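One file, target_4.csv, carrying CSV, C-alpha atoms:
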```
chain,number,residue,atom,x,y,z
A,1,MET,CA,177.9,152.4,61.2
A,2,SER,CA,175.6,155.2,60.5
A,3,GLU,CA,171.8,155.4,60.1
A,4,ARG,CA,172.4,156.2,56.4
A,5,GLU,CA,174.1,152.8,55.9
A,6,VAL,CA,171.2,151.0,57.7
A,7,ASP,CA,168.8,152.9,55.4
A,8,GLU,CA,170.7,151.8,52.3
A,9,VAL,CA,170.4,148.1,53.4
A,10,ARG,CA,166.7,148.7,54.2
A,11,LYS,CA,166.2,150.0,50.7
A,12,LEU,CA,168.0,147.0,49.1
A,13,LEU,CA,166.1,144.5,51.2
A,14,LYS,CA,162.8,146.1,50.4
A,15,LYS,CA,163.6,146.0,46.8
A,16,PHE,CA,164.3,142.2,46.7
A,17,VAL,CA,162.6,140.7,49.8
A,18,PRO,CA,158.8,141.0,49.6
A,19,THR,CA,156.9,142.0,52.7
A,20,VAL,CA,154.4,139.4,54.0
A,21,ARG,CA,152.5,141.9,56.1
A,22,ASP,CA,149.2,141.6,54.1
A,23,THR,CA,149.3,137.8,53.7
A,24,GLU,CA,146.2,136.3,55.3
A,25,LEU,CA,145.6,132.8,56.8
A,26,ARG,CA,143.9,130.8,54.1
A,27,ARG,CA,142.2,128.1,56.2
A,28,ASP,CA,140.9,127.4,59.7
A,29,LEU,CA,143.7,125.6,61.7
A,30,TRP,CA,141.4,124.3,64.5
A,31,PRO,CA,141.2,120.8,62.9
A,32,ALA,CA,145.0,120.7,62.7
A,33,MET,CA,145.1,121.8,66.4
A,34,LEU,CA,142.8,119.0,67.4
A,35,LYS,CA,145.0,116.5,65.6
A,36,ARG,CA,148.0,117.9,67.3
A,37,MET,CA,146.3,117.6,70.7
A,38,GLU,CA,145.5,113.9,70.0
A,39,GLN,CA,149.1,113.0,69.4
A,40,PRO,CA,150.8,111.2,72.3
A,41,PRO,CA,153.4,113.2,74.2
A,42,VAL,CA,156.9,113.1,72.8
A,43,HIS,CA,159.1,110.6,74.6
A,44,VAL,CA,162.6,111.8,75.2
A,45,PRO,CA,165.1,108.9,75.0
A,46,TRP,CA,167.5,108.4,77.9
A,47,TRP,CA,170.5,109.2,75.8
A,48,ASP,CA,169.2,112.7,75.1
A,49,TRP,CA,169.0,113.3,78.9
A,50,ALA,CA,172.6,111.9,79.2
A,51,LEU,CA,173.7,114.3,76.4
A,52,LEU,CA,172.1,117.2,78.2
A,53,ALA,CA,173.7,116.3,81.4
A,54,GLY,CA,177.1,116.1,79.6
A,55,VAL,CA,176.6,119.6,78.1
A,56,ALA,CA,175.6,121.0,81.6
A,57,LEU,CA,178.7,119.4,83.1
A,58,LEU,CA,180.8,121.0,80.3
A,59,PHE,CA,179.3,124.4,81.1
A,60,CYS,CA,180.1,124.0,84.7
A,61,LEU,CA,183.7,123.0,84.0
A,62,PHE,CA,184.2,125.6,81.2
A,63,PRO,CA,181.8,128.5,81.8
A,64,GLY,CA,183.7,130.5,79.1
A,65,MET,CA,181.9,128.4,76.5
A,66,ILE,CA,178.5,129.8,77.4
A,67,PRO,CA,178.8,133.3,75.7
A,68,ALA,CA,180.4,131.7,72.7
A,69,LEU,CA,177.5,129.3,72.3
A,70,LEU,CA,174.9,132.1,72.9
A,71,TYR,CA,176.5,134.2,70.2
A,72,HIS,CA,176.1,131.4,67.6
A,73,LEU,CA,172.4,130.7,68.6
B,1,MET,CA,133.7,133.3,84.3
B,2,GLU,CA,135.8,135.3,81.8
B,3,LEU,CA,137.3,133.5,78.8
B,4,LEU,CA,140.9,133.7,80.0
B,5,GLU,CA,139.9,132.4,83.4
B,6,ARG,CA,138.2,129.4,81.9
B,7,PHE,CA,141.2,128.8,79.6
B,8,ALA,CA,143.5,128.9,82.7
B,9,ALA,CA,141.3,126.4,84.3
B,10,GLY,CA,141.8,124.0,81.3
B,11,ASP,CA,138.4,124.6,79.6
B,12,LEU,CA,138.8,123.3,76.0
B,13,ASP,CA,135.9,125.4,74.7
B,14,ALA,CA,137.6,128.5,76.0
B,15,PHE,CA,140.8,127.4,74.3
B,16,GLU,CA,138.9,126.9,71.1
B,17,SER,CA,137.4,130.4,71.3
B,18,LEU,CA,140.9,131.9,71.9
B,19,PHE,CA,142.4,129.9,69.1
B,20,ARG,CA,139.7,131.0,66.6
B,21,GLN,CA,140.1,134.6,67.7
B,22,TYR,CA,143.8,134.8,67.5
B,23,GLN,CA,145.0,132.2,65.0
B,24,SER,CA,145.3,134.7,62.2
B,25,LEU,CA,147.2,137.2,64.3
B,26,VAL,CA,149.7,134.5,65.4
B,27,PHE,CA,150.0,133.2,61.8
B,28,ARG,CA,150.8,136.6,60.4
B,29,TRP,CA,153.4,137.3,63.1
B,30,ILE,CA,155.2,134.0,62.6
B,31,LEU,CA,155.0,134.4,58.8
B,32,ARG,CA,157.0,137.7,59.2
B,33,ILE,CA,159.8,135.7,60.8
B,34,VAL,CA,159.8,132.4,58.9
B,35,ARG,CA,158.5,133.8,55.6
B,36,ASN,CA,156.8,130.6,54.4
B,37,SER,CA,153.0,130.2,54.6
B,38,ALA,CA,152.9,126.4,55.1
B,39,THR,CA,155.6,126.6,57.8
B,40,ALA,CA,153.8,129.5,59.5
B,41,GLU,CA,150.6,127.4,59.6
B,42,GLU,CA,152.4,124.5,61.3
B,43,LEU,CA,154.1,126.8,63.7
B,44,THR,CA,150.9,128.5,64.6
B,45,VAL,CA,149.5,125.2,65.7
B,46,GLU,CA,152.7,124.5,67.6
B,47,THR,CA,152.4,127.9,69.4
B,48,PHE,CA,148.9,127.2,70.5
B,49,TRP,CA,149.9,123.7,71.6
B,50,ARG,CA,152.6,125.2,73.9
B,51,LEU,CA,150.1,127.8,75.2
B,52,TYR,CA,147.5,125.1,75.9
B,53,ARG,CA,150.1,122.9,77.7
B,54,ALA,CA,151.0,125.9,79.9
B,55,HIS,CA,147.5,127.0,80.7
B,56,ALA,CA,147.8,126.2,84.4
B,57,ARG,CA,150.7,128.6,84.6
B,58,PHE,CA,148.8,131.5,83.1
B,59,ASP,CA,147.3,133.9,85.7
B,60,PRO,CA,144.5,135.9,84.0
B,61,ALA,CA,144.5,138.5,86.8
B,62,ARG,CA,148.2,139.3,86.3
B,63,GLY,CA,149.3,137.9,83.0
B,64,ASN,CA,149.1,139.7,79.7
B,65,TRP,CA,147.6,137.2,77.2
B,66,GLY,CA,148.7,139.2,74.1
B,67,ALA,CA,152.3,139.5,75.2
B,68,TRP,CA,152.5,135.9,76.3
B,69,MET,CA,151.1,134.8,73.0
B,70,ARG,CA,153.5,136.9,71.0
B,71,ARG,CA,156.5,135.8,73.0
B,72,THR,CA,155.6,132.2,72.6
B,73,SER,CA,155.0,132.5,68.9
B,74,THR,CA,158.3,134.3,68.5
B,75,ASN,CA,160.1,131.5,70.4
B,76,VAL,CA,158.5,128.9,68.3
B,77,ALA,CA,159.5,130.7,65.1
B,78,LEU,CA,163.1,131.2,66.3
B,79,ASP,CA,163.3,127.5,67.3
B,80,HIS,CA,162.3,126.7,63.7
B,81,LEU,CA,165.0,129.0,62.3
B,82,ARG,CA,167.6,127.4,64.4
B,83,LYS,CA,166.7,124.0,63.0
B,84,THR,CA,166.7,125.2,59.4
B,85,ARG,CA,169.4,127.8,59.7
B,86,ARG,CA,170.8,127.7,56.1
B,87,GLU,CA,167.5,127.4,54.3
B,88,VAL,CA,166.2,130.9,53.5
B,89,PRO,CA,162.8,130.9,51.8
B,90,LEU,CA,161.9,134.5,51.1
B,91,LEU,CA,158.7,133.6,49.3
B,92,ASP,CA,158.5,132.9,45.6
B,93,ASP,CA,157.0,136.1,44.4
B,94,PRO,CA,159.2,139.2,44.5
B,95,PRO,CA,157.4,142.5,45.2
B,96,ASP,CA,156.1,144.5,42.2
B,97,GLY,CA,159.0,146.2,40.5
B,98,ALA,CA,161.6,144.2,42.5
B,99,GLY,CA,165.0,144.9,41.3
B,100,ARG,CA,163.8,147.4,38.7
B,101,GLY,CA,166.7,148.7,36.7
B,102,HIS,CA,168.5,145.3,36.6
B,103,GLU,CA,168.5,142.7,33.9
B,104,PRO,CA,166.4,139.5,34.8
B,105,GLY,CA,169.6,137.4,35.1
B,106,GLU,CA,171.3,140.0,37.2
B,107,ARG,CA,168.1,140.4,39.3
B,108,ALA,CA,168.0,136.7,40.1
B,109,GLU,CA,171.7,136.7,40.9
B,110,LEU,CA,171.3,139.7,43.3
B,111,ARG,CA,168.3,138.0,44.9
B,112,ARG,CA,170.3,134.8,45.5
B,113,GLU,CA,173.2,136.8,47.0
B,114,ILE,CA,170.8,138.6,49.3
B,115,GLU,CA,169.1,135.3,50.4
B,116,ARG,CA,172.5,133.8,51.0
B,117,ALA,CA,173.6,136.8,53.1
B,118,ILE,CA,170.4,136.7,55.2
B,119,GLY,CA,170.9,132.9,55.6
B,120,LEU,CA,174.3,133.6,57.2
B,121,LEU,CA,172.6,135.7,60.0
B,122,SER,CA,171.9,134.0,63.3
B,123,PRO,CA,168.1,133.4,63.8
B,124,ARG,CA,167.9,136.3,66.4
B,125,LEU,CA,169.7,138.8,64.1
B,126,ARG,CA,167.7,137.6,61.1
B,127,ALA,CA,164.4,138.0,62.9
B,128,ALA,CA,165.3,141.5,64.1
B,129,VAL,CA,166.5,142.6,60.7
B,130,LEU,CA,163.5,141.3,58.7
B,131,LEU,CA,161.0,142.5,61.2
B,132,ALA,CA,162.5,146.0,61.5
B,133,LEU,CA,163.7,146.7,57.9
B,134,VAL,CA,161.4,144.6,55.7
B,135,GLU,CA,158.2,144.5,57.7
B,136,GLU,CA,158.8,147.9,59.3
B,137,GLU,CA,157.5,146.6,62.6
B,138,PRO,CA,157.9,149.2,65.4
B,139,TYR,CA,161.0,148.5,67.6
B,140,GLU,CA,158.7,148.4,70.7
B,141,ASN,CA,156.7,145.5,69.2
B,142,ILE,CA,159.9,143.6,68.3
B,143,ALA,CA,161.4,144.2,71.7
B,144,GLU,CA,158.3,142.9,73.4
B,145,ALA,CA,158.2,139.8,71.2
B,146,LEU,CA,161.9,139.0,71.7
B,147,GLY,CA,161.8,139.8,75.4
B,148,ILE,CA,164.6,142.4,75.1
B,149,SER,CA,164.9,146.2,75.3
B,150,VAL,CA,164.4,148.5,72.4
B,151,GLY,CA,168.1,149.4,72.6
B,152,ALA,CA,169.0,145.7,72.3
B,153,VAL,CA,166.8,145.4,69.2
B,154,LYS,CA,168.6,148.3,67.6
B,155,VAL,CA,171.9,146.7,68.4
B,156,ARG,CA,170.8,143.5,66.8
B,157,VAL,CA,169.6,145.3,63.7
B,158,PHE,CA,172.9,147.2,63.5
B,159,ARG,CA,174.9,144.0,63.9
B,160,GLY,CA,172.7,142.2,61.3
B,161,VAL,CA,173.2,145.1,58.8
B,162,ARG,CA,176.9,145.1,59.3
B,163,ILE,CA,177.1,141.4,58.5
B,164,LEU,CA,174.8,141.8,55.5
B,165,ARG,CA,176.9,144.7,54.1
B,166,LYS,CA,180.1,142.7,54.6
B,167,GLN,CA,178.7,139.6,52.9
B,168,LEU,CA,177.1,141.5,50.0
B,169,SER,CA,180.2,143.6,49.5
B,170,GLN,CA,182.3,140.4,49.3
B,171,ALA,CA,179.9,139.1,46.7
B,172,GLY,CA,180.3,142.4,44.7
B,173,VAL,CA,176.8,143.7,45.6
B,174,HIS,CA,176.8,147.3,46.8
B,175,SER,CA,173.8,148.7,48.6
```
Take the structure in the file and give it back as structure tokens.
Amino acid sequence: MSEREVDEVRKLLKKFVPTVRDTELRRDLWPAMLKRMEQPPVHVPWWDWALLAGVALLFCLFPGMIPALLYHL
Amino acid sequence: MELLERFAAGDLDAFESLFRQYQSLVFRWILRIVRNSATAEELTVETFWRLYRAHARFDPARGNWGAWMRRTSTNVALDHLRKTRREVPLLDDPPDGAGRGHEPGERAELRREIERAIGLLSPRLRAAVLLALVEEEPYENIAEALGISVGAVKVRVFRGVRILRKQLSQAGVHS
């Protein structure tokens, strides 16, 4: 692929996708921040840990899955 | 004591000062990736929440606050894109003269096809393409925010463009 092709896609995107560069924050978010800080910490259920352990085990047994997964993330 | 030192020590007033000083900057950066104001506001709060929780790990003598803040906000935005992969809000208002030369119906159709094609990109390709090609952010800034080299950013932009061209071509849209 050439720079020219990238430039063509750039022009098409700029034509239909508006830039948000100049959009300003409309309100002070500090009250929302305080509310967020008051929330209790998220409790992770035990089955989520079990699932994570299962995935880790799969990666150990089949390391070839790691690049495939990373590609799709 | 300097503001960053007080923040690292867990001082809430110092955190508030930093928040008020940088909330607009973080909001604008996240908005460039997620492209929705309400979502960008939520994610700005989430970014500062992560920064606050990690205050003890920040070393003001060695750490670069700006880079840390930008990396964290980028990660928060990418996490959001991973959760909402197929939804592609590109804001309601197209730029002035968007799609000039096309009929209104054709313009809406083209816009839908472009949104759909962008939605097919993985979050990291989508972020690189939008930041580089739409927002015209310097590659160095994108590389710092994504924690990769400038060369790797260029590779992501090329890969993203290749996928976009393929999808748009299949939909009968030619750039």
Which chain A residues have any atom within 10 Å of an atom of chain B, and for each, what is the nearest pair of atoms with distance in Å to one decimal, counting all atoms listed in the file, rows sorted by chain and number, as CSV?
```
residue,atom,partner,partner_atom,distance
A:Met1,CA,B:Phe158,CA,7.6
A:Ser2,CA,B:Phe158,CA,9.0
A:Glu3,CA,B:Phe158,CA,8.9
A:Glu5,CA,B:Val161,CA,8.3
A:Val6,CA,B:Val161,CA,6.3
A:Asp7,CA,B:Leu133,CA,8.4
A:Glu8,CA,B:Ser175,CA,5.7
A:Val9,CA,B:Ser175,CA,5.9
A:Arg10,CA,B:Leu133,CA,5.2
A:Lys11,CA,B:Ser175,CA,8.0
A:Leu12,CA,B:Ser175,CA,6.1
A:Leu13,CA,B:Val134,CA,6.5
A:Lys14,CA,B:Val134,CA,5.7
A:Lys15,CA,B:Ala98,CA,5.1
A:Phe16,CA,B:Ala98,CA,5.4
A:Val17,CA,B:Leu90,CA,6.4
A:Pro18,CA,B:Pro95,CA,4.9
A:Thr19,CA,B:Glu135,CA,5.7
A:Val20,CA,B:Arg32,CA,6.1
A:Arg21,CA,B:Glu135,CA,6.5
A:Asp22,CA,B:Arg28,CA,8.2
A:Thr23,CA,B:Arg28,CA,7.0
A:Glu24,CA,B:Arg28,CA,6.9
A:Leu25,CA,B:Ser24,CA,5.7
A:Arg26,CA,B:Ser24,CA,9.1
A:Arg27,CA,B:Glu41,CA,9.1
A:Asp28,CA,B:Arg20,CA,7.9
A:Leu29,CA,B:Val45,CA,7.1
A:Trp30,CA,B:Arg20,CA,7.2
A:Pro31,CA,B:Val45,CA,9.8
A:Ala32,CA,B:Val45,CA,7.0
A:Met33,CA,B:Val45,CA,5.6
A:Leu34,CA,B:Val45,CA,9.3
A:Lys35,CA,B:Val45,CA,9.8
A:Arg36,CA,B:Trp49,CA,7.5
A:Met37,CA,B:Trp49,CA,7.1
A:Tyr71,CA,B:Ser122,CA,8.3
A:His72,CA,B:Ser122,CA,6.5
A:Leu73,CA,B:Ser122,CA,6.3
```
For the selection you just gave me, I'd like the residues written to a file as an mmCIF file, in the frame of the given file, keeping C-alpha atoms.
```
data_model
loop_
_atom_site.group_PDB
_atom_site.id
_atom_site.type_symbol
_atom_site.label_atom_id
_atom_site.label_comp_id
_atom_site.auth_asym_id
_atom_site.auth_seq_id
_atom_site.Cartn_x
_atom_site.Cartn_y
_atom_site.Cartn_z
ATOM 1 C CA MET A 1 177.900 152.400 61.200
ATOM 2 C CA SER A 2 175.600 155.200 60.500
ATOM 3 C CA GLU A 3 171.800 155.400 60.100
ATOM 4 C CA GLU A 5 174.100 152.800 55.900
ATOM 5 C CA VAL A 6 171.200 151.000 57.700
ATOM 6 C CA ASP A 7 168.800 152.900 55.400
ATOM 7 C CA GLU A 8 170.700 151.800 52.300
ATOM 8 C CA VAL A 9 170.400 148.100 53.400
ATOM 9 C CA ARG A 10 166.700 148.700 54.200
ATOM 10 C CA LYS A 11 166.200 150.000 50.700
ATOM 11 C CA LEU A 12 168.000 147.000 49.100
ATOM 12 C CA LEU A 13 166.100 144.500 51.200
ATOM 13 C CA LYS A 14 162.800 146.100 50.400
ATOM 14 C CA LYS A 15 163.600 146.000 46.800
ATOM 15 C CA PHE A 16 164.300 142.200 46.700
ATOM 16 C CA VAL A 17 162.600 140.700 49.800
ATOM 17 C CA PRO A 18 158.800 141.000 49.600
ATOM 18 C CA THR A 19 156.900 142.000 52.700
ATOM 19 C CA VAL A 20 154.400 139.400 54.000
ATOM 20 C CA ARG A 21 152.500 141.900 56.100
ATOM 21 C CA ASP A 22 149.200 141.600 54.100
ATOM 22 C CA THR A 23 149.300 137.800 53.700
ATOM 23 C CA GLU A 24 146.200 136.300 55.300
ATOM 24 C CA LEU A 25 145.600 132.800 56.800
ATOM 25 C CA ARG A 26 143.900 130.800 54.100
ATOM 26 C CA ARG A 27 142.200 128.100 56.200
ATOM 27 C CA ASP A 28 140.900 127.400 59.700
ATOM 28 C CA LEU A 29 143.700 125.600 61.700
ATOM 29 C CA TRP A 30 141.400 124.300 64.500
ATOM 30 C CA PRO A 31 141.200 120.800 62.900
ATOM 31 C CA ALA A 32 145.000 120.700 62.700
ATOM 32 C CA MET A 33 145.100 121.800 66.400
ATOM 33 C CA LEU A 34 142.800 119.000 67.400
ATOM 34 C CA LYS A 35 145.000 116.500 65.600
ATOM 35 C CA ARG A 36 148.000 117.900 67.300
ATOM 36 C CA MET A 37 146.300 117.600 70.700
ATOM 37 C CA TYR A 71 176.500 134.200 70.200
ATOM 38 C CA HIS A 72 176.100 131.400 67.600
ATOM 39 C CA LEU A 73 172.400 130.700 68.600
#
```
Next on the checklist: Using Å and a single decimal, report how far CA of Pro138 (chain B) sits from CA of Leu18 (chain B).
Outcome noted: 25.1 Å
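Pairwise distance (CA of Leu4 (chain B), CA of Arg50 (chain B)) equals 15.7 Å.
Distance annotation: of B:Leu120, B:Leu43, B:Ala54, B:Leu146, the residue with the minimal separation from Ala9 (chain B) is B:Ala54; atom set is all atoms listed in the file.
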Checklist outcome for this item: Students should find that CA of Asn141 (chain B) and CA of Phe7 (chain B) are spaced 25.0 Å
Checklist entry - B:Ala117, B:Tyr22, B:Glu140, B:Gly147: which is nearest Trp65 (chain B), counting all atoms listed in the file? => result B:Tyr22
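With all atoms listed in the file as the atoms that count, the minimum distance from Ser169 (chain B) to the choices B:Glu113, B:Glu144, B:Met69, B:Val150 is reached by B:Glu113.
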